[in-house]
file protein.cif (mmCIF, C-alpha atoms)
data_structure
loop_
_atom_site.label_atom_id
_atom_site.label_comp_id
_atom_site.auth_asym_id
_atom_site.auth_seq_id
_atom_site.Cartn_x
_atom_site.Cartn_y
_atom_site.Cartn_z
CA MET A 309 5.53 -0.19 6.26
CA GLY A 310 3.74 -1.09 3.02
CA LYS A 311 2.87 1.21 0.19
CA ILE A 312 -0.37 1.94 -1.67
CA ILE A 313 0.00 2.54 -5.40
CA ALA A 314 -2.78 3.88 -7.66
CA VAL A 315 -2.28 3.20 -11.37
CA HIS A 316 -4.19 5.93 -13.18
CA SER A 317 -4.40 7.70 -16.56
CA TYR A 318 -6.24 10.52 -18.28
CA LYS A 319 -7.50 8.46 -21.20
CA GLY A 320 -8.58 4.85 -21.52
CA GLY A 321 -6.46 2.29 -23.37
CA THR A 322 -3.12 3.52 -22.04
CA GLY A 323 -2.34 0.13 -20.49
CA LYS A 324 -3.22 0.66 -16.83
CA THR A 325 -4.54 -2.85 -16.26
CA LEU A 326 -1.64 -4.48 -18.10
CA LEU A 327 0.80 -2.41 -16.02
CA SER A 328 -1.07 -3.10 -12.77
CA VAL A 329 -1.20 -6.88 -13.26
CA ASN A 330 2.40 -7.16 -14.43
CA LEU A 331 3.68 -4.80 -11.73
CA ALA A 332 1.85 -6.88 -9.10
CA ALA A 333 3.27 -10.11 -10.56
CA THR A 334 6.79 -8.62 -10.62
CA PHE A 335 6.57 -7.61 -6.95
CA VAL A 336 5.39 -11.16 -6.15
CA GLN A 337 8.39 -12.52 -8.12
CA HIS A 338 10.54 -10.38 -5.83
CA GLY A 339 9.04 -12.26 -2.86
CA LYS A 340 6.63 -9.49 -1.82
CA ARG A 341 3.10 -9.82 -0.44
CA VAL A 342 0.88 -7.98 -2.91
CA CYS A 343 -2.79 -7.10 -3.00
CA LEU A 344 -4.23 -6.01 -6.36
CA MET A 345 -7.66 -4.36 -6.57
CA ASP A 346 -9.87 -3.54 -9.55
CA ILE A 347 -11.24 -0.07 -8.77
CA ASP A 348 -12.60 0.38 -12.30
CA PHE A 349 -16.26 -0.23 -11.47
CA ARG A 350 -17.44 1.17 -14.81
CA ALA A 351 -15.44 -1.30 -16.87
CA PRO A 352 -14.12 -4.11 -14.63
CA SER A 353 -11.41 -6.13 -16.35
CA LEU A 354 -9.37 -8.12 -13.81
CA TYR A 355 -12.12 -10.74 -13.46
CA THR A 356 -11.93 -11.59 -17.17
CA LEU A 357 -8.19 -11.05 -17.52
CA LEU A 358 -7.37 -13.44 -14.67
CA LYS A 359 -9.93 -15.98 -15.98
CA MET A 360 -11.86 -16.25 -12.75
CA GLY A 361 -14.74 -18.60 -12.05
CA LYS A 362 -17.23 -18.00 -9.26
CA VAL A 363 -16.46 -15.03 -7.03
CA GLU A 364 -18.50 -14.85 -3.83
CA PHE A 365 -17.80 -11.29 -2.69
CA TRP A 366 -16.78 -8.27 -4.74
CA LEU A 367 -15.09 -4.98 -3.94
CA ASN A 368 -18.53 -3.48 -4.63
CA ASP A 369 -19.77 -5.33 -1.50
CA TYR A 370 -16.87 -4.04 0.59
CA LEU A 371 -17.49 -0.43 -0.47
CA ASN A 372 -21.24 -0.88 0.12
CA GLY A 373 -20.35 -1.91 3.67
CA THR A 374 -21.97 -5.35 3.37
CA CYS A 375 -18.79 -7.36 4.00
CA GLU A 376 -15.24 -6.97 5.26
CA ILE A 377 -12.23 -6.94 2.94
CA ASP A 378 -10.97 -10.44 3.90
CA LYS A 379 -14.12 -11.92 2.30
CA VAL A 380 -13.36 -10.13 -0.98
CA LEU A 381 -9.71 -11.08 -1.47
CA VAL A 382 -8.97 -14.17 -3.55
CA ASN A 383 -5.62 -15.89 -3.04
CA LEU A 384 -4.00 -16.33 -6.47
CA SER A 385 -0.46 -16.93 -5.17
CA ASP A 386 -0.35 -20.34 -6.87
CA ARG A 387 -0.51 -18.61 -10.27
CA ILE A 388 2.92 -16.98 -9.75
CA GLN A 389 6.05 -19.06 -9.40
CA SER A 390 7.65 -17.45 -6.36
CA ASN A 391 7.68 -17.22 -2.59
CA GLY A 392 5.61 -14.03 -2.66
CA LYS A 393 1.84 -13.77 -2.23
CA LEU A 394 -0.81 -12.39 -4.56
CA TYR A 395 -4.34 -11.59 -3.40
CA VAL A 396 -6.83 -9.96 -5.74
CA GLY A 397 -10.05 -8.02 -5.09
CA PHE A 398 -12.41 -7.96 -8.07
CA ALA A 399 -14.95 -5.42 -9.30
CA ASN A 400 -18.26 -7.01 -10.27
CA PRO A 401 -18.49 -7.07 -14.11
CA ALA A 402 -22.27 -7.71 -14.21
CA THR A 403 -24.17 -4.94 -16.06
CA GLU A 404 -26.55 -4.52 -13.11
CA ALA A 405 -23.58 -3.99 -10.75
CA ILE A 406 -21.97 -1.44 -13.10
CA ARG A 407 -25.26 0.44 -13.32
CA GLU A 408 -25.65 0.36 -9.54
CA MET A 409 -22.11 1.69 -8.97
CA SER A 410 -22.66 4.49 -11.52
CA SER A 411 -25.67 5.81 -9.65
CA LYS A 412 -24.08 6.34 -6.23
CA ASP A 413 -24.49 9.73 -4.57
CA ARG A 414 -21.89 11.97 -2.92
CA LYS A 415 -22.62 10.66 0.55
CA TRP A 416 -21.95 7.11 -0.60
CA GLU A 417 -18.72 8.22 -2.29
CA MET A 418 -17.61 9.89 0.93
CA ARG A 419 -18.17 6.67 2.84
CA ALA A 420 -16.39 4.71 0.08
CA LEU A 421 -13.38 7.01 0.56
CA GLY A 422 -13.44 6.15 4.26
CA ARG A 423 -13.44 2.42 3.47
CA LEU A 424 -10.58 2.80 0.96
CA LEU A 425 -8.58 4.79 3.54
CA ALA A 426 -9.23 2.02 6.09
CA LEU A 427 -7.42 -0.48 3.81
CA ARG A 428 -4.08 0.96 4.97
CA ASN A 429 -4.75 -0.53 8.39
CA SER A 430 -6.49 -3.73 7.36
CA ILE A 431 -4.25 -4.67 4.40
CA LEU A 432 -0.85 -3.13 5.10
CA ASN A 433 -0.66 -2.87 8.89
CA ASP A 434 -2.77 -5.81 10.13
CA ASN A 435 -2.07 -8.31 7.34
CA GLY A 436 1.50 -7.26 6.55
CA PHE A 437 1.14 -6.74 2.80
CA ASP A 438 4.03 -4.91 1.14
CA TYR A 439 1.99 -3.39 -1.69
CA LEU A 440 -1.62 -2.58 -2.38
CA ILE A 441 -2.17 -1.71 -6.05
CA PHE A 442 -5.34 0.01 -7.26
CA ASP A 443 -6.13 -0.45 -10.95
CA THR A 444 -8.35 2.59 -11.52
CA SER A 445 -10.66 3.87 -14.25
CA PRO A 446 -9.39 6.71 -16.47
CA GLY A 447 -10.08 10.40 -15.95
CA LEU A 448 -11.85 12.15 -13.12
CA GLN A 449 -14.11 9.34 -11.93
CA TYR A 450 -15.15 9.38 -8.28
CA SER A 451 -13.76 5.88 -7.64
CA SER A 452 -10.40 6.81 -9.19
CA ILE A 453 -10.04 10.04 -7.22
CA ASN A 454 -10.95 8.15 -4.04
CA ALA A 455 -8.18 5.64 -4.85
CA ILE A 456 -5.71 8.46 -5.56
CA VAL A 457 -6.49 10.14 -2.22
CA ALA A 458 -5.95 6.82 -0.42
CA SER A 459 -2.62 6.10 -2.15
CA ASP A 460 1.03 6.95 -1.40
CA LEU A 461 2.16 6.92 -5.03
CA VAL A 462 0.29 7.56 -8.28
CA VAL A 463 1.72 5.82 -11.32
CA VAL A 464 0.34 7.61 -14.37
CA ALA A 465 0.20 5.57 -17.55
CA THR A 466 0.36 7.80 -20.59
CA THR A 467 1.07 7.65 -24.32
CA PHE A 468 2.34 10.14 -26.92
CA ASP A 469 -1.22 10.65 -28.17
CA ARG A 470 -1.72 14.46 -28.27
CA SER A 471 -4.99 14.59 -26.36
CA ASP A 472 -3.53 12.22 -23.78
CA VAL A 473 -0.44 14.44 -23.33
CA ASP A 474 -2.58 17.57 -22.82
CA GLY A 475 -5.05 15.86 -20.52
CA THR A 476 -2.31 14.20 -18.47
CA LYS A 477 -0.53 17.55 -18.04
CA ARG A 478 -3.75 19.12 -16.79
CA MET A 479 -4.40 16.24 -14.41
CA LEU A 480 -0.89 16.49 -12.99
CA HIS A 481 -1.49 20.10 -11.97
CA GLU A 482 -5.20 20.08 -11.25
CA LEU A 483 -5.55 16.75 -9.48
CA TYR A 484 -2.39 15.09 -8.16
CA ASP A 485 -0.72 18.39 -7.17
CA LEU A 486 -3.81 19.54 -5.26
CA PHE A 487 -3.77 16.32 -3.24
CA GLU A 488 0.03 16.63 -2.83
CA LYS A 489 0.52 13.12 -4.24
CA LYS A 490 3.85 11.68 -5.25
CA THR A 491 3.39 11.09 -8.97
CA GLU A 492 5.54 9.18 -11.45
CA LEU A 493 5.03 8.54 -15.14
CA VAL A 494 5.12 5.44 -17.27
CA LEU A 495 5.15 6.27 -20.95
CA ASN A 496 3.55 3.31 -22.69
CA LYS A 497 3.27 2.12 -26.30
CA VAL A 498 6.26 4.19 -27.46
CA LEU A 499 7.04 3.79 -31.16
CA ASN A 500 10.31 5.79 -31.20
CA ASP A 501 13.59 3.93 -31.34
CA PHE A 502 15.48 4.07 -28.08
CA SER A 503 17.63 0.98 -28.37
CA SER A 504 20.77 2.86 -27.33
CA LYS A 505 21.35 4.30 -23.87
CA ALA A 506 21.77 7.82 -25.30
CA MET A 507 18.41 7.64 -27.11
CA LYS A 508 16.74 6.40 -23.94
CA GLU A 509 18.20 9.23 -21.87
CA GLU A 510 17.18 11.80 -24.50
CA MET A 511 13.64 10.43 -24.44
CA GLN A 512 13.51 10.53 -20.62
CA SER A 513 14.71 14.12 -20.59
CA LYS A 514 12.10 15.07 -23.23
CA ILE A 515 9.28 13.48 -21.18
CA LYS A 516 10.46 15.15 -17.99
CA ASP A 517 10.46 18.52 -19.80
CA ILE A 518 6.89 17.99 -20.98
CA TYR A 519 5.37 16.76 -17.72
CA GLN A 520 7.76 18.08 -15.03
CA VAL A 521 7.47 14.84 -13.03
CA PRO A 522 9.86 11.88 -12.66
CA VAL A 523 9.77 9.13 -15.30
CA LEU A 524 9.39 5.67 -13.84
CA GLY A 525 9.71 3.84 -17.14
CA ILE A 526 9.38 3.93 -20.90
CA VAL A 527 7.61 0.95 -22.45
CA PRO A 528 7.90 0.42 -26.21
CA CYS A 529 4.93 -0.83 -28.22
CA PHE A 530 5.48 -4.61 -28.27
CA CYS A 531 3.54 -6.60 -30.87
CA ASP A 532 3.82 -9.67 -28.60
CA VAL A 533 2.02 -7.83 -25.82
CA LEU A 534 -0.77 -6.65 -28.14
CA LYS A 535 -1.13 -10.12 -29.68
CA ALA A 536 -1.49 -11.70 -26.23
CA GLU A 537 -4.72 -9.64 -25.78
CA GLY A 538 -4.14 -9.42 -22.04
CA GLY A 539 -4.17 -13.22 -21.70
CA ILE A 540 -0.53 -13.56 -20.65
CA ILE A 541 1.09 -12.19 -17.50
CA PHE A 542 4.50 -11.52 -19.05
CA ALA A 543 6.14 -10.95 -15.67
CA ASN A 544 5.27 -14.54 -14.81
CA GLU A 545 5.04 -16.53 -18.04
CA ARG A 546 7.57 -14.74 -20.29
CA LYS A 547 10.17 -13.52 -17.81
CA THR A 548 12.87 -13.03 -20.44
CA HIS A 549 10.66 -10.84 -22.65
CA PRO A 550 11.81 -7.16 -22.82
CA PHE A 551 8.39 -6.07 -21.48
CA ALA A 552 8.89 -8.20 -18.35
CA LYS A 553 12.39 -6.79 -17.96
CA ILE A 554 11.15 -3.18 -18.11
CA LEU A 555 8.50 -4.02 -15.50
CA ASP A 556 11.26 -5.50 -13.35
CA GLU A 557 13.19 -2.21 -13.59
CA ILE A 558 10.05 -0.22 -12.68
CA ALA A 559 9.27 -2.47 -9.68
CA THR A 560 12.88 -2.24 -8.47
CA LYS A 561 12.77 1.58 -8.71
CA ILE A 562 9.58 1.67 -6.62
CA GLU A 563 11.01 -0.79 -4.06
CA ASN A 564 14.13 1.32 -3.66
CA ASN A 565 12.34 4.71 -3.87
CA MET A 566 14.73 5.52 -6.68
CA VAL A 567 12.69 8.02 -8.67
CA MET B 1180 -11.90 14.68 52.47
CA SER B 1181 -11.70 17.29 55.27
CA LYS B 1182 -13.53 20.60 54.98
CA GLN B 1183 -10.19 22.42 54.69
CA GLU B 1184 -9.07 20.16 51.80
CA ALA B 1185 -12.38 20.72 50.01
CA LEU B 1186 -12.03 24.48 50.38
CA GLY B 1187 -8.44 24.30 49.11
CA LYS B 1188 -9.51 22.38 45.99
CA LYS B 1189 -12.25 24.80 45.01
CA PRO B 1190 -9.98 27.62 43.79
CA LEU B 1191 -8.15 25.03 41.63
CA GLN B 1192 -11.42 23.90 40.06
CA ILE B 1193 -12.37 27.51 39.41
CA LEU B 1194 -9.00 28.19 37.78
CA GLU B 1195 -9.37 25.04 35.63
CA LYS B 1196 -12.83 26.20 34.53
CA ILE B 1197 -11.45 29.65 33.68
CA ARG B 1198 -8.68 28.04 31.59
CA GLU B 1199 -11.18 25.87 29.69
CA ASN B 1200 -13.34 28.91 28.96
CA LEU B 1201 -10.30 30.90 27.82
CA GLU B 1202 -9.31 28.08 25.46
CA ARG B 1203 -12.80 28.02 23.94
CA LEU B 1204 -12.75 31.79 23.60
CA ASN B 1205 -9.34 31.55 21.94
CA GLU B 1206 -10.69 29.01 19.40
CA LYS B 1207 -13.57 31.35 18.56
CA ILE B 1208 -11.21 34.30 18.09
CA GLU B 1209 -9.00 32.16 15.83
CA VAL B 1210 -12.00 31.33 13.64
CA MET B 1211 -13.00 35.00 13.46
CA ILE B 1212 -9.44 35.97 12.44
CA GLU B 1213 -9.46 33.32 9.71
CA LEU B 1214 -12.86 34.47 8.50
CA GLN B 1215 -11.50 37.98 8.13
CA LYS B 1216 -8.26 36.78 6.50
CA HIS B 1217 -9.87 34.67 3.79
CA GLY B 1218 -13.10 36.58 3.28
CA LYS B 1219 -16.60 35.26 3.76
CA LYS B 1220 -16.90 33.74 0.29
CA ASP B 1221 -14.87 30.70 1.39
CA ILE B 1222 -16.92 30.12 4.49
CA GLN B 1223 -20.44 29.10 3.63
CA THR B 1224 -22.35 27.01 6.11
CA ILE B 1225 -24.00 24.04 4.46
CA PRO B 1226 -25.39 21.68 7.09
CA GLU B 1227 -24.43 17.99 6.72
CA THR B 1228 -22.33 18.54 3.60
CA PRO B 1229 -20.52 15.34 2.59
CA LEU B 1230 -16.74 15.67 2.65
CA ASP B 1231 -16.19 13.77 -0.60
CA VAL B 1232 -13.24 14.05 -3.00
CA MET B 1233 -14.97 16.60 -5.25
CA THR B 1234 -15.54 18.83 -2.20
CA LEU B 1235 -11.89 18.38 -1.24
CA LEU B 1236 -10.83 19.40 -4.77
CA SER B 1237 -12.91 22.57 -4.69
CA MET B 1238 -11.63 23.71 -1.28
CA PRO B 1239 -9.04 26.46 -0.84
CA ASP B 1240 -5.55 24.93 -0.49
CA HIS B 1241 -5.11 25.79 3.18
CA LEU B 1242 -8.33 24.02 4.19
CA ARG B 1243 -7.80 21.04 1.86
CA LYS B 1244 -4.56 20.13 3.60
CA THR B 1245 -6.28 20.07 7.00
CA ALA B 1246 -9.34 18.19 5.70
CA MET B 1247 -7.19 15.60 3.89
CA THR B 1248 -5.14 14.96 7.01
CA LEU B 1249 -8.26 14.49 9.11
CA CYS B 1250 -9.71 12.12 6.49
CA LYS B 1251 -6.59 9.97 6.84
CA LEU B 1252 -6.51 10.06 10.65
CA GLY B 1253 -10.27 9.57 11.00
CA ARG B 1254 -10.51 11.42 14.32
CA ALA B 1255 -7.94 13.83 15.70
CA THR B 1256 -7.18 16.87 17.83
CA ALA B 1257 -5.75 20.08 16.35
CA ASP B 1258 -2.43 19.10 17.88
CA GLU B 1259 -2.38 15.72 16.08
CA ILE B 1260 -3.25 17.40 12.77
CA ALA B 1261 -0.51 20.01 13.30
CA GLN B 1262 2.07 17.24 13.78
CA GLN B 1263 1.18 15.85 10.33
CA THR B 1264 0.91 19.15 8.45
CA HIS B 1265 3.88 20.82 10.19
CA ARG B 1266 1.78 23.95 10.76
CA ALA B 1267 1.06 25.63 14.11
CA ARG B 1268 -1.57 24.06 16.36
CA ALA B 1269 -3.46 27.38 16.56
CA VAL B 1270 -3.62 27.54 12.74
CA GLU B 1271 -4.95 23.98 12.49
CA SER B 1272 -7.43 24.68 15.27
CA ALA B 1273 -8.77 27.66 13.31
CA TYR B 1274 -9.02 25.68 10.06
CA LEU B 1275 -10.70 22.72 11.77
CA ASN B 1276 -13.26 25.02 13.38
CA GLN B 1277 -13.92 26.63 10.01
CA LEU B 1278 -14.57 23.19 8.54
CA VAL B 1279 -16.99 22.49 11.40
CA ILE B 1280 -18.82 25.77 10.66
CA MET B 1281 -18.94 24.83 6.97
CA GLY B 1282 -20.65 21.56 7.93
CA TYR B 1283 -17.91 19.19 6.74
CA LEU B 1284 -16.64 18.07 10.17
CA LYS B 1285 -18.04 17.29 13.57
CA LYS B 1286 -16.48 18.34 16.86
CA GLU B 1287 -16.67 16.58 20.19
CA ARG B 1288 -15.21 17.62 23.55
CA LYS B 1289 -13.75 15.05 25.92
CA GLY B 1290 -12.47 16.78 29.02
CA ARG B 1291 -10.06 19.48 27.92
CA LYS B 1292 -9.49 18.00 24.46
CA ALA B 1293 -11.53 18.78 21.37
CA TYR B 1294 -11.74 15.96 18.81
CA PHE B 1295 -12.63 16.54 15.17
CA TYR B 1296 -13.99 13.83 12.85
CA VAL B 1297 -15.83 13.16 9.60
CA ASP B 1298 -19.29 11.82 10.38
CA ARG B 1299 -19.31 9.13 7.70
CA GLU B 1300 -21.79 6.78 9.36
CA VAL B 1301 -24.63 9.29 9.70
CA GLN B 1302 -24.01 10.98 6.37
CA GLY B 1303 -23.30 7.75 4.52
CA GLY B 1304 -26.93 6.69 4.82
#
call {"tool": "encode", "arguments": {"input": "protein.cif", "output": "structure tokens"}}
result
Amino acid sequence: MGKIIAVHSYKGGTGKTLLSVNLAATFVQHGKRVCLMDIDFRAPSLYTLLKMGKVEFWLNDYLNGTCEIDKVLVNLSDRIQSNGKLYVGFANPATEAIREMSSKDRKWEMRALGRLLALRNSILNDNGFDYLIFDTSPGLQYSSINAIVASDLVVVATTFDRSDVDGTKRMLHELYDLFEKKTELVLNKVLNDFSSKAMKEEMQSKIKDIYQVPVLGIVPCFCDVLKAEGGIIFANERKTHPFAKILDEIATKIENNMV
Amino acid sequence: MSKQEALGKKPLQILEKIRENLERLNEKIEVMIELQKHGKKDIQTIPETPLDVMTLLSMPDHLRKTAMTLCKLGRATADEIAQQTHRARAVESAYLNQLVIMGYLKKERKGRKAYFYVDREVQGG
């Protein structure tokens, strides 16, 4: 049985998309069948990040009920060197589409939730995918909460920024807890030194004390990652880079339900 | 069918009808008990209210669990919901009926079974 993962955060710029893409690529490296979806309809980024050309159908169309999900998914398996499969569903980055998605009413959002919930059958059960990853928009956006409700695991990307810490803590208790969602943290862009095992364990214990949820991974602030400006999938193109190795650890933990 | 067989079947049909009516009565009593337990402030009837995520968030915990489970299953009986939530069937039946009264769910009877569902097609516009 496959798993649906929502990558979410309180604030923007915490590295959700970078984590989503690299986590998807790592699963594919492990030979898994992965479906990655851009649920950030306010600021779509996968289309640009994955340097796509013409896309015929968008996730917007699927949620509007004008096409089925198989029309939306683009097979990008040839971009990853492995036996796994990668299919991606894109959010339409056109300004008109963003405006249209921002003006949906509650009835539309309720139907969108139904269509996201239906993906468990169409993607995981009928098409045998191992993972469906939702790259969401930050905060309490309708589309993000819909994705959270439809998921089995919420991976929360957070930083040590004070407002992010406070907001994330609130969200843990006032959003994920209310929906009884399994939630795990990835602390990103960490500047502290944790080169030794003891320092790493101390840091993990500190984070667990603050948030009271399991820590899936701690990702240091890598200049190489920032310099790449999202143009490199480290899990595929720079497999020996420490960032790719941390993602490998995170993916392995999820695969083995270790957290 | 002989006249004697037909006469013999009639009491059974009457008993079946009585059982159905008792079950319906039981459901209504369960709703009334829940209404008393949680106070009327939680139970406001809003016709055709969309069961979206913001509504789910604002619901009392006990109803949210039932509503979330039904959202995932799409269409279910109180028994099927109870299997998922690990609560008693009678409790789920009462919560589901409350959600129907509140306008979030629809209910449909098929024989002896009552099915609950979210009417996304009509409400989705």
call {"tool": "resolve_selection", "arguments": {"input": "protein.cif", "expression": "the PyMOL selection byres ((chain B) within 12 of (chain A))", "output": "ChimeraX atom specification"}}
result
/B:1227-1254,1264,1283,1296-1304
call {"tool": "resolve_selection", "arguments": {"input": "protein.cif", "expression": "the PyMOL selection byres ((chain A and resi 533) around 12)", "output": "ChimeraX atom specification"}}
result
/A:323,326-327,330,496-497,527-532,534-543,546,549-552
call {"tool": "atom_distance", "arguments": {"input": "protein.cif", "atom1": "CA of Ile406 (chain A)", "atom2": "CA of Asp474 (chain A)"}}
result
28.8 Å
call {"tool": "resolve_selection", "arguments": {"input": "protein.cif", "expression": "the PyMOL selection byres ((chain B and resi 1206) around 8)", "output": "ChimeraX atom specification"}}
result
/B:1202-1205,1207-1210,1269,1272-1273,1276
call {"tool": "closest_residue", "arguments": {"input": "protein.cif", "among": "A:Val363, A:Cys375, A:Ile562, A:Val380", "to": "Ala402 (chain A)", "atoms": "only C-alpha atoms"}}
result
A:Val363
call {"tool": "residues_near_point", "arguments": {"input": "protein.cif", "point": "(-1.6, -6.2, -14.4)", "cutoff": "12 Å", "atoms": "all atoms listed in the file", "output": "tab-separated table (two decimals) with C-alpha atoms, in the frame of the given file"}}
result
chain	number	residue	atom	x	y	z
A	315	VAL	CA	-2.28	3.20	-11.37
A	323	GLY	CA	-2.34	0.13	-20.49
A	324	LYS	CA	-3.22	0.66	-16.83
A	325	THR	CA	-4.54	-2.85	-16.26
A	326	LEU	CA	-1.64	-4.48	-18.10
A	327	LEU	CA	0.80	-2.41	-16.02
A	328	SER	CA	-1.07	-3.10	-12.77
A	329	VAL	CA	-1.20	-6.88	-13.26
A	330	ASN	CA	2.40	-7.16	-14.43
A	331	LEU	CA	3.68	-4.80	-11.73
A	332	ALA	CA	1.85	-6.88	-9.10
A	333	ALA	CA	3.27	-10.11	-10.56
A	334	THR	CA	6.79	-8.62	-10.62
A	335	PHE	CA	6.57	-7.61	-6.95
A	336	VAL	CA	5.39	-11.16	-6.15
A	342	VAL	CA	0.88	-7.98	-2.91
A	343	CYS	CA	-2.79	-7.10	-3.00
A	344	LEU	CA	-4.23	-6.01	-6.36
A	345	MET	CA	-7.66	-4.36	-6.57
A	346	ASP	CA	-9.87	-3.54	-9.55
A	353	SER	CA	-11.41	-6.13	-16.35
A	354	LEU	CA	-9.37	-8.12	-13.81
A	355	TYR	CA	-12.12	-10.74	-13.46
A	356	THR	CA	-11.93	-11.59	-17.17
A	357	LEU	CA	-8.19	-11.05	-17.52
A	358	LEU	CA	-7.37	-13.44	-14.67
A	394	LEU	CA	-0.81	-12.39	-4.56
A	396	VAL	CA	-6.83	-9.96	-5.74
A	441	ILE	CA	-2.17	-1.71	-6.05
A	442	PHE	CA	-5.34	0.01	-7.26
A	443	ASP	CA	-6.13	-0.45	-10.95
A	444	THR	CA	-8.35	2.59	-11.52
A	538	GLY	CA	-4.14	-9.42	-22.04
A	539	GLY	CA	-4.17	-13.22	-21.70
A	540	ILE	CA	-0.53	-13.56	-20.65
A	541	ILE	CA	1.09	-12.19	-17.50
A	542	PHE	CA	4.50	-11.52	-19.05
A	543	ALA	CA	6.14	-10.95	-15.67
A	544	ASN	CA	5.27	-14.54	-14.81
A	552	ALA	CA	8.89	-8.20	-18.35
A	555	LEU	CA	8.50	-4.02	-15.50
